[in-house]
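Chemist: Just passing along the structure, written as structure tokens.
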Amino acid sequence: AVPITRSRAELYPPEGGRLTALGELVGCKMRFGILSLGLHVVVATRALPLKRRPIPEVSASRDVLFDDAWDFFRGPDPKDTELNGTKCRAGMFCDPSYVVNEAAGWLTGLDVPHDWSIFDLPERANDRSTPVLEIRNGTWLFRRGDCAGDEWAKAGLDESDWESTKVPADWRDPPLSYTDTNATGWYRRSFDVDSDQLAFANNPAIGLKLSLGSVAADDITFLNGVEVGNNWNADGIAAGDVGCQDSLKYRTYDIPPGLLKRTGNTIAVRVFSEGGDHPGGLIDTGSGDVRSGWLDAGASDGGFQTGYAVGGFGWYSKTFTLSEVAKSGGGDGSGGRILVRFDGVYMSSTVWLNGQHIGGRPYGYSTFEIDLTEYMNTNDDPNVLVVRVDNRGQNSRWYSGSGIYRHVWLTRTPSLRGDRFGGISITTPKVTDGNAEVEVVATVRNDGKSTALASVTVQLSDEATGEVVASTSASVVISVGPNSTADATLAAEDGLVIADPSRWDVDSPSLYRATVTISSVGEGSTEVSTDTVSTTFGVRTISFDSSMGFMLNGRTLKLQGGCVHHDNGPLGSMALDRAEERRVEVLKANGYNAIRTSHNPPSPAFLDACDRLGVVVMNEAFDCWEWGKNTDDYHLEFDDWWQEDLRTMLLRDRNHPSIVMWSIGNEIPMRDDPKGAELSQNLSDYVRAIDPTRAVTSAVPMTTSDDDPFFAPLDVAGYNYSPLMYEPDHEAHPDRIIVATETFPVWSWRGVEDQSWVIGDFIWTAIDYIGESGIGANGYYTGSDAENAIGDGDIQACASDDTVQPYAYHISFCGDIDIVGHRKPQAFYRNVLWNVSKLELAVHAPMPEGSIEPLTPWSWPDERQSWTWPGHEERDMTVRVFSRADPSVPVKLYLNGEEVAATDPWSEAQDDPCCIGQFDYGGAFWSTPFSTTFVVPYAAGNLTAVVGDDVRTLVTAGAPVGLRLTPDRDIINADRSDLAYMTVEVVDAYGRIVPNAVVDVSLTVTEGSEGELAAAGSGNPEDARSFQSNACTTFNGRCMAILRPGSASKPPVVNGVIKLTASAHEAGLVSSSATVATA
């Protein structure tokens, strides 16, 4: 309802001090006295919230998970009148005397990671945090033509010659029957609001959204004579080029404070349509103006970009005590330090401790750390940590999630300690088969009051066996001044040499662990206190060269890569360790050896999984710089924060052996501006100053020679969707190293295998994600003009013109893997392309008579791994067989033992006969190498492909008779960060999955189980069912249930059992149960 502004000077530095790069306090006044040994650190009195578990005491280890016992409120604080200020006033949520109360809307005792955007919204009638004014459905007045200016928008207009019509409706239909070409029409209606809606509209913290819905095609919307929304493409109208994709964009507008009245309001909408065969007016293209679970197009700022998720404000509060501070803080006489570290909070966080503002972070993907020490109390009262999260506005092009969506850690150290993230940098400057020379640089921080001597020792061990493989023969002693840092370097000459090292590689991801002990040295060289920091690392070599490509451990490795956004499907953006690991696990099993973390730094848990499983990573920092892609995105913060955010990523992630490239940005809008080239140089230099051991890259779309200045500072040039430029650019720049940072699914791997200077290919995308709704959609168009160019007639044909699909299509649907981890058709093709599988076959679903299949460049034809098509007997079916066998080996297809003749012979560049598209790569966009096409009249039975000794068969399934539950693992850890993924399948009497079965499945966790149902869903991009319901609807015969050990009110237990039962009684299917154990 109001512009989102942030006073950087006020919002992030705390009073009485300043923030370092990670939000640590420097030069702050001591508010509660010096923290000394033997004291318990506490705070002013605060009444405990209702139904809270006992206040946890924190153990004495260095880093402790701080994830449990948080309280949460969705919405703004009614007393937070500044919205984005830092002062904590009496009665605000940040006030330590504020009483958290469930009756006031607080959820108590929940765990983080937590993403409020994936949880169900209240019914609209009960929603006091994201309210929506439903205005579209009902009776409106309509007038054909146009007027001068906004005359027809004014209140008090004579409406006697206006027609009455019901909305939603296409104005081509009766009673309007408006079929003029290049037509303009106006809609008007009067309405009243209740007192709550009026209060919401006049409260900038809450606001009220006017939900208009779909409009064909352009509109300007007025409320009480004032323009409140504008989707009017004047240039396109003048040029006769109004894309029908505009009709698919859901319109919702903020009502400015002070404009709405209790009674007698008038809304007027001016609409333009190309008319004729094109729809017009206030239409309904999808699910209509409805709220379903977490989805609400009318309340979403991001709309189709963010999957119609709803952000807004959220507040987190945690009350805690600290025990044994002396033990955890060391014994140097000056007391220890107590820090909190947030792995990620989306977006714009502000943090208070005991009512004092202590820091925060604008960028939702940065890890940040805050020193709590000087804000702790020195008596026995509990401490209150409060976090405000502001995720308003259009700030993302994909689903970001909202809240404290990654882990939180509490760190206790002596005053002399390892710096940020432990302060350890590990490199292997020389590696041979016989020895690996290791260099460890330990950055030691002194938060004491006087200069200190620090002793630093290093021990290296094999992560798998625990065997010590190297250690320093003598420690290094350095002098560290107060409030400063100093580096201690230990290297091969100090004894850090690993004999017969095991290399980190994609096939054998061996890891080592470095344990660094930092001790303060007292009189007589006695050790007074110690800080021990430990991290894993890998021994490996990397190089980049235009003639040899990317080399890992001395051998050329082509990067079989995929771009991956950060959400975990039904879990939203919650970065639970097992969810992060499973994504990497699934991709590795499907031939991926590389991942690009588009377009932001990932969670530490994700990178840990890449290290363990052997997947190369391109770690990406930003999606924009000074010029934004959305009104409220990172460009607002870039100038003030890019160095700190980039430094955070580099320092946090530099010891991960999986990372081989740093990407400084994706499709930067200012790339061809001189300032863009300058920033490319500045960011590249900044990266190399901190980590000169890896390559720097950035992704550029549809490359031209105009991009050369931007590419010049980079080690590797990132090409998005530019395969036809690989050869000509190599001729112009023979030393340029290219990586395909994004490619379309059907065009992946083109020009990569046989061109050394192209080091790999990253498909957009490896996994489906929430948001950018429908960019990979497929389907059928049966409009009146189907035989002509796509884009005419029915607006659903817009799937080929643009990436927008109507609400409630909320998934990108462009991935090889769907949002619950199941393979999609293109994954089977990719398995053959990358030699994961020697043979696969795919059957195109029957298309309605007279239809065509509009596809976007990110789409894949509607192929299935299915030969179950009841009702389509004798119908010609298009079948493709994928194989990389030598062309001399015949590709054969048999239906029930009878050989079927190929429609086209095997070809390395074969056109797909079933689909069309408007993207052109030399006239061969839809060519699919290594495929043979057959047309087969459908008959139930066995469809078998044979290529040499390789055989693949699809069998017709029978009628569904039951359900089957299959866990991904039988035993999981008794840890809230672990999960069990339970696949639910509809099966026939022989246990074969019924791929066309659409069944509503009820999911029940047996009472007494030591776990809970965390989420459930399927890969269906249009299924608007809540992920939090105890049910799922099968898609292609299956769906997914996700189980989590313990609950928010009950910690996980060792040797527990979680039992799940799936039932579909209405469908008459036999139920199924399965268990997983916790250990």
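Residues are referred to by chain and number: the chain letter is A, B, ... according to the order shown in the structure tokens, the number counts from 1 in that chain, and ligands are numbered separately from 1 in the order shown.
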Kindly assemble as JSON lines a list of the stretch 48-124 of chain A residues that lie within 12 Å of stretch 964-979 of chain A, each paired with its nearest atom pair and their distance in Å to one decimal, using only C-alpha atoms, sorted first by chain and then by ascending residue number.
Modeler:
{"residue": "A:Leu65", "atom": "CA", "partner": "A:Ser977", "partner_atom": "CA", "distance": 10.6}
{"residue": "A:Asp67", "atom": "CA", "partner": "A:Arg976", "partner_atom": "CA", "distance": 9.5}
{"residue": "A:Asp68", "atom": "CA", "partner": "A:Arg976", "partner_atom": "CA", "distance": 9.5}
{"residue": "A:Leu110", "atom": "CA", "partner": "A:Arg976", "partner_atom": "CA", "distance": 11.6}
{"residue": "A:Asp111", "atom": "CA", "partner": "A:Arg976", "partner_atom": "CA", "distance": 8.7}
{"residue": "A:Val112", "atom": "CA", "partner": "A:Arg976", "partner_atom": "CA", "distance": 9.7}
{"residue": "A:Pro113", "atom": "CA", "partner": "A:Ser977", "partner_atom": "CA", "distance": 9.0}
{"residue": "A:His114", "atom": "CA", "partner": "A:Ser977", "partner_atom": "CA", "distance": 11.8}
Chemist: Quick one: of A:Leu841, A:Val271, A:Ala939, A:Leu855, who's nearest to A:Leu954, counting only C-alpha atoms?
Modeler: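 Looking at the shortest contact to A:Leu954, the residue is A:Leu841.
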Chemist: Restricting the calculation to only C-alpha atoms: of A:Val389, A:Val516, A:Ile668, A:Ile135, which residue gets closest to A:Phe313?
Modeler: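 Once distances to A:Phe313 are computed over only C-alpha atoms, the minimum belongs to A:Val389.
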Chemist: Would you kindly return, as a PDB file with C-alpha atoms, in the first residue's frame, each protein, DNA or RNA residue with an atom no farther than 9 Å from any atom of A:Thr443, considering only C-alpha atoms and excluding same-chain residues fewer than 5 positions away?
Modeler:
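Contents of the output file part.pdb:
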ATOM      1  CA  ARG A 417      38.744 -16.919  18.485  1.00  0.00           C
ATOM      2  CA  GLY A 418      38.488 -17.887  14.873  1.00  0.00           C
ATOM      3  CA  ASP A 419      36.949 -15.122  12.782  1.00  0.00           C
ATOM      4  CA  ARG A 420      33.838 -15.389  10.614  1.00  0.00           C
ATOM      5  CA  GLY A 422      35.725 -20.080  11.934  1.00  0.00           C
ATOM      6  CA  GLY A 423      38.197 -17.967   9.987  1.00  0.00           C
ATOM      7  CA  ILE A 424      39.785 -20.913   8.173  1.00  0.00           C
ATOM      8  CA  SER A 425      40.964 -20.921   4.563  1.00  0.00           C
ATOM      9  CA  THR A 485      42.346  -9.808  13.422  1.00  0.00           C
ATOM     10  CA  ALA A 486      45.606 -11.415  12.402  1.00  0.00           C
ATOM     11  CA  ASP A 487      46.378 -14.326  10.073  1.00  0.00           C
ATOM     12  CA  ALA A 488      48.394 -17.406  10.952  1.00  0.00           C
ATOM     13  CA  THR A 489      49.607 -19.444   7.977  1.00  0.00           C
TER      14      THR A 489
END
Chemist: Can you list, as a VMD selection string, every residue of stretch 597-711 of chain A that DSSP puts in helix (DSSP H, G or I)?
Modeler: chain A and resid 604 to 613 634 to 636 638 to 653 674 to 690 705 to 711
Chemist: With only C-alpha atoms as the basis for distance, which of A:Asp433, A:Asp754, A:Glu620, A:Asp390 is at the shortest distance from A:Val696?
Modeler: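 The answer is A:Glu620, which sits nearest to A:Val696.
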Chemist: To one decimal place, how far is atom CA of A:Thr165 from atom CA of A:Asp194 in Å?
Modeler: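 Separation of atom CA of A:Thr165 and atom CA of A:Asp194: 24.9 Å.
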Chemist: Write down as an MDAnalysis selection string the residues belonging to stretch 240-371 of chain A that are assigned strand (DSSP E or B) by DSSP computed on the backbone.
Modeler: chainID A and resid 250:254 265:275 281:283 291:292 295:296 312:322 337:342 346 349:353 356:361 368:371
Chemist: Give me the stretch 252-369 of chain A side of the contact with stretch 77-85 of chain A, cut-off 9 Å, one line per residue showing its nearest atom pair and distance in Å at one decimal, counting only C-alpha atoms, sorted by chain and residue number, as a tab-separated table.
Modeler:
residue	atom	partner	partner_atom	distance
A:Phe313	CA	A:Asp77	CA	8.4
A:Gly314	CA	A:Asp77	CA	8.7
A:Trp315	CA	A:Asp77	CA	8.0
A:Ser348	CA	A:Asn84	CA	8.9
A:Thr350	CA	A:Asn84	CA	8.2
Chemist: Keeping only N, CA, C and O atoms, write those residues as a PDB file, in the first residue's frame.
Modeler:
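Result written to selection07.pdb:
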ATOM      1  N   PHE A 313       4.762  -9.384   6.084  1.00  0.00           N
ATOM      2  CA  PHE A 313       5.579  -9.338   7.283  1.00  0.00           C
ATOM      3  C   PHE A 313       5.467 -10.656   8.058  1.00  0.00           C
ATOM      4  O   PHE A 313       4.436 -11.318   8.045  1.00  0.00           O
ATOM      5  N   GLY A 314       6.541 -10.972   8.775  1.00  0.00           N
ATOM      6  CA  GLY A 314       6.530 -12.062   9.736  1.00  0.00           C
ATOM      7  C   GLY A 314       7.440 -11.717  10.896  1.00  0.00           C
ATOM      8  O   GLY A 314       8.449 -11.013  10.732  1.00  0.00           O
ATOM      9  N   TRP A 315       7.064 -12.172  12.082  1.00  0.00           N
ATOM     10  CA  TRP A 315       7.842 -11.907  13.299  1.00  0.00           C
ATOM     11  C   TRP A 315       8.171 -13.224  13.984  1.00  0.00           C
ATOM     12  O   TRP A 315       7.316 -14.096  14.143  1.00  0.00           O
ATOM     13  N   SER A 348      14.958  -8.975   4.078  1.00  0.00           N
ATOM     14  CA  SER A 348      15.058  -7.751   4.874  1.00  0.00           C
ATOM     15  C   SER A 348      14.748  -8.008   6.344  1.00  0.00           C
ATOM     16  O   SER A 348      13.679  -7.673   6.851  1.00  0.00           O
ATOM     17  N   THR A 350      15.395  -7.669  10.482  1.00  0.00           N
ATOM     18  CA  THR A 350      15.817  -6.757  11.541  1.00  0.00           C
ATOM     19  C   THR A 350      15.794  -7.546  12.838  1.00  0.00           C
ATOM     20  O   THR A 350      14.810  -8.233  13.131  1.00  0.00           O
TER      21      THR A 350
END
Chemist: Can you tell me which residues surround A:Ile498 at a distance of at most 10 Å, considering only C-alpha atoms, apart from same-chain residues fewer than 3 positions away, and format the answer as a PyMOL selection string?
Modeler: chain A and resi 431+434-438+460-462+468-471+492+495+501-502+512+539
Chemist: Residues near A:Thr556, anyone? I mean within 10 Å using only C-alpha atoms, not counting same-chain ones fewer than 2 positions away, as a PyMOL selection string.
Modeler: chain A and resi 542-545+548-554+558-559+756+759
Chemist: Return the single residue from A:Ala689, A:Asp284, A:Leu636, A:Cys624 that is closest to A:Met670, with distances computed using only C-alpha atoms.
Modeler: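 For A:Met670, the nearest of the given residues is A:Cys624.
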Chemist: Using only C-alpha atoms, which residues sit within 7 Å of A:Ser748 once same-chain residues fewer than 4 positions away are excluded, as a PyMOL selection string?
Modeler: chain A and resi 743-744+761+763
